[in-house]
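These notes are about the structure you will find just below.
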Amino acid sequence: MSSADNTPRRWLRRAGEARMEFGADYNPEQWPREVWDDDVRAMREAGVTIVSLAIFSWARLQPREDEYDFGWLDDAMDLLHANGISVDLATATASPPPWLTTKHPEILPVNREGNTVWPGARQHWRPTSPVFREHALRLVRALGARYAAHPALVAWHVNNELGCHNVYDFSDDAARAFRQWLSHRYQTIDALNEAWGTAFWSQRYDAFDEILPPRIAASHPNPTQQLDFKRFSSDALKEHLRAEKAILREFTPDVPVTTNFMVMGEQSPMNYADWAAEVDFVSNDHYVVPGPQARDELSFSANLTGWLAGGQPWFLMEHSTSAVNWQPVNVAKRPGELARDSLTHVAYGADAVCFFQWRQSKAGAEKYHSSMLPHAGTDSAVFRAVADLGQRLKDLAPVAGTPRTVAPVGIVFDWESWWVAEQDSHPTDRLRYRQEALDWYTALLENGIRADVVPTGGDLESYRVLIAPVLHVVPAALTERLTRYVGNGGHLVTTYFSGIVDENDHVWLGGYPGALRDLLGIRIEEFAPLLDHESVELDNGVTGTLWTDRIDVTGPEVEVLARYKTGEQAERAAITRRPVGSGSAAYVSTRLGADGLATVLPALLAPTGVVSELPAELRGRVELAIRGSHRFLINRTDEPIDLPDGGGVLEARGVRVL
């Protein structure tokens, strides 16, 4: 994979042998100068090799519009370099300083209800504000000119978590930019009217200037307008990334540029599959959200990030050593979890493991967020665990640079299906796209089956089995790809609410599942979602919730793998498979959850030849990930596990690299 300006994927600008990088966000401006020397001594003790610097430093770097103060940053850069610590230098544009918002309040975002989002936290800027862009790029240019030749500089860090708090802006700036985006996409207003279906509810437009963002309305805004606004909002942030990157390229064409994605949880607004080509190496921030699938979600996110990176090494820019500060209850990590979380990311391709942040703040909104150097200091369990991890990463230097090994199963992940499947005015508002995908991932782990999480635009032909949960948006070209995949001997599994609409959110007519109907050999006339208190039993012993389908089997060769035993669909097919030559196309018509899917997976995989690479006694208890010749065994349990063939004991919550 190459970036948009045809620059090949590249890693940090540094000499020497490959190694695992280790570090954190570093915020020396929060501390007196004498503390900095203690910081670098402790960094060396912990094995830190890199820090991200100046992420939220705009107000310190530019205290007034006509004045820059680089002295403190010069000192920090020099100190780090003198101690052998590399710098991923941020452009510091994430949060504008008070003087800028006071002079130019027109850069502040506006929410859907028309209220201004005021300063006082962070990311209080409009992605489409020309005033903000002018001031931000001026700062980027000043940083590029000053630090281009600094020996500590190994990468540029554009902004920070683009879109975390300001992705959807409904201001007049956004309205103007949205119209321009639409004009470029559709060329003519007639084409837009056709795509948006504006014959409905008297919404036909006569000119692009009549169009607004989907602000608060009397009822459900136009669905395709909502979809296009999501596309536009992701693109607007991507354009800001491009603008900063272009200036950095002028000064340092040899220094790689990245920005930290947020592939985790319900962070859906940024289409990272589309962004990935814009950076020299992919970076990601990930935080564990408590729950029964917490560590499976971490693995899922790391897995997806690895394939956004094209299978090449990537940078874990942020995660936590222990508790965070932004959940309702912030629970500390248990012994072993700091290392297991970190090494799981490494297992899926990360060649750098970093935390937020180095020294735990004593003031501000994140003062209770854990760090590498906690309030308790170096004489603490957290710091000792950090130092232990630093040594383990040093020992794993031979893993650095090795590519991911393709799994036999691919879980297809599609941002636009995520966006559209969860929009309003649908058969149910309970559907959660990412949760369905995660349930399949957990079910595969329970069966000891390796799987990749691969974007729709990825190389799907590499997999013996493709699982495409709630693949709701299916353009004609994707239908052709999937049909060709099955015809060539691949095995496709998809689910309820898949194949329903095209790229304009228009229903494929003739009965559901629309674009996939002929491939699957089934036809559905009407959806049958379930109420919250309802469930259905299948004749294979599993229970369905959320959704059912009234399936008519149309292909004589279609096999019914399970039928509904209870409910209005009793005796109708619930899970089907259509053989196609040496391939097949299967359909699961209800939400079975991770446990139910784990039960039905063996039947779905039976004709595919896919079996677990783990011994029977480890399946479900141990997660296997492979990078080249390195096999990562990750203990999914809180109990020690005896490894076969004299392999010793895999400690509770432990990771073994073979």
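Naming scheme: A, B, ... for chains in displayed order of the structure tokens; residues 1 onward per chain; ligands 1 onward as shown.
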List as a PyMOL selection string the protein and nucleic acid residues near Thr305 (chain A), meaning an atom at most 8 Å away when only C-alpha atoms are counted, but skip any in the same chain fewer than 3 places from it. chain A and resi 263+282+284+301-302+308-309+314
Using only C-alpha atoms, determine which residues lie at most 7 Å from Pro640 (chain A), disregarding the query and same-chain residues fewer than 5 positions distant; provide the list as a list in words. Val649, Leu650, Glu651 and Ala652 of chain A
Could the residues in this selection be written to a file with N, CA and C atoms, as a tab-separated table (two decimals), in the first residue's frame?
chain	number	residue	atom	x	y	z
A	649	VAL	N	4.08	-23.25	31.52
A	649	VAL	CA	2.82	-22.64	31.95
A	649	VAL	C	2.70	-21.25	31.36
A	650	LEU	N	1.55	-20.99	30.75
A	650	LEU	CA	1.21	-19.64	30.29
A	650	LEU	C	0.46	-18.97	31.42
A	651	GLU	N	1.09	-17.97	32.02
A	651	GLU	CA	0.53	-17.37	33.22
A	651	GLU	C	-0.82	-16.71	32.95
A	652	ALA	N	-1.60	-16.54	34.01
A	652	ALA	CA	-2.89	-15.86	33.89
A	652	ALA	C	-2.70	-14.50	33.23
Write out as a Markdown table the residues of region 151-183 of chain A that have any atom within 10 Å of an atom of region 234-240 of chain A, one row each with the nearest atom pair and its distance in Å to one decimal, counting only C-alpha atoms, sorted by chain and then rising number.
| residue | atom | partner | partner_atom | distance |
| --- | --- | --- | --- | --- |
| A:Val158 | CA | A:His240 | CA | 9.2 |
| A:Asn159 | CA | A:His240 | CA | 9.1 |
| A:Leu162 | CA | A:Leu237 | CA | 6.6 |
| A:Gly163 | CA | A:Leu237 | CA | 6.9 |
| A:Asn166 | CA | A:Leu237 | CA | 9.4 |
| A:Val167 | CA | A:Ser234 | CA | 7.1 |
| A:Tyr168 | CA | A:Ser234 | CA | 8.8 |
| A:Ala174 | CA | A:Ala236 | CA | 9.0 |
| A:Ala177 | CA | A:Ala236 | CA | 8.4 |
| A:Phe178 | CA | A:Ala236 | CA | 9.0 |
| A:Trp181 | CA | A:Asp235 | CA | 9.0 |
Selected residues written out, C-alpha atoms, as an mmCIF file, in the first residue's frame:
data_model
loop_
_atom_site.group_PDB
_atom_site.id
_atom_site.type_symbol
_atom_site.label_atom_id
_atom_site.label_comp_id
_atom_site.auth_asym_id
_atom_site.auth_seq_id
_atom_site.Cartn_x
_atom_site.Cartn_y
_atom_site.Cartn_z
ATOM 1 C CA VAL A 158 -0.407 15.847 12.645
ATOM 2 C CA ASN A 159 -2.904 17.398 15.075
ATOM 3 C CA LEU A 162 -8.723 14.261 14.464
ATOM 4 C CA GLY A 163 -12.492 14.377 14.887
ATOM 5 C CA ASN A 166 -15.448 18.065 16.437
ATOM 6 C CA VAL A 167 -16.158 15.746 13.522
ATOM 7 C CA TYR A 168 -19.743 16.963 12.989
ATOM 8 C CA ALA A 174 -19.556 23.675 7.131
ATOM 9 C CA ALA A 177 -17.981 23.426 2.317
ATOM 10 C CA PHE A 178 -20.708 20.753 2.205
ATOM 11 C CA TRP A 181 -18.280 18.812 -1.699
#
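Residues with any atom within 8 Å of region 379-382 of chain A, counting only C-alpha atoms and excluding same-chain neighbours fewer than 6 positions away, are Thr321, Ser322, Met372 and Leu373 of chain A.
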Give me the residues within 6 Å of Ile107 (chain A) as a ChimeraX atom specification, counting only C-alpha atoms and dropping any in the same chain fewer than 6 places off. /A:125-126,129,132
Please return, as a ChimeraX atom specification, all residues of region 117-275 of chain A that DSSP assigns to helix (DSSP H, G or I) on the basis of the backbone. /A:130-147,172-186,189-196,200-202,208-210,223-251,272-275
Name the residues in contact with Ala46 (chain A) at a cut-off of 9 Å, using only C-alpha atoms, excluding same-chain residues fewer than 3 positions from it; report them as an MDAnalysis selection string. chainID A and resid 23 41:43 372 383:384 386:391
Can you pull out every residue within 7 Å of Arg10 (chain A), counting only C-alpha atoms, but drop anything in the same chain fewer than 4 positions away, and send it as a ChimeraX atom specification? /A:256,280-281
Please provide as a list of chain:residue names all residues within 7 Å of Leu438 (chain A), with the sequence filter that same-chain residues fewer than 3 positions apart are discarded (counting only C-alpha atoms). A:Glu297, A:Phe300, A:Arg434, A:Gln435, A:Tyr441, A:Thr442
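Taking only C-alpha atoms into account, Ala94 (chain A) lies nearest to A:Asn260 out of the set A:Asn115, A:Ser535, A:Gln203, A:Asn260.
Reported to one decimal place, the separation of CA of Phe527 (chain A) from CA of His426 (chain A) is 10.3 Å.
Among the candidates A:Val412, A:Gly596, A:Ala76, A:His369, the one nearest to Val35 (chain A) when counting only C-alpha atoms is A:Ala76.
A straight line drawn from CA of Leu139 (chain A) to CA of Phe251 (chain A) is 13.3 Å long.
For the residues A:Val536, A:Met270, A:Leu227, A:Leu516, ranking by smallest atom-to-atom distance to Thr494 (chain A) using only C-alpha atoms places A:Leu516 first.
Atom pair CA of Leu482 (chain A) / CA of Ile411 (chain A): separated by 13.3 Å.
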Closest atom pairs, region 447-497 of chain A residues within 8 Å of region 393-410 of chain A, only C-alpha atoms, as CSV:
residue,atom,partner,partner_atom,distance
A:Ile449,CA,A:Val409,CA,7.9
A:Arg450,CA,A:Ala407,CA,5.6
A:Ala451,CA,A:Val409,CA,4.6
A:Asp452,CA,A:Gly410,CA,4.7
A:Val453,CA,A:Gly410,CA,5.8
A:Val454,CA,A:Gly410,CA,6.2
A:Leu460,CA,A:Gly410,CA,7.5
A:Ser462,CA,A:Val406,CA,7.7
A:Tyr463,CA,A:Pro408,CA,5.3
A:Arg464,CA,A:Pro408,CA,5.5
A:Val465,CA,A:Val409,CA,4.8
A:Leu466,CA,A:Gly410,CA,4.9
A:Ile467,CA,A:Gly410,CA,6.2
Give me every strand (DSSP E or B) residue in region 107-335 of chain A, going by DSSP on the backbone, as a ChimeraX atom specification. /A:110,116,153-157,257-258,260-261,283-285,314-318
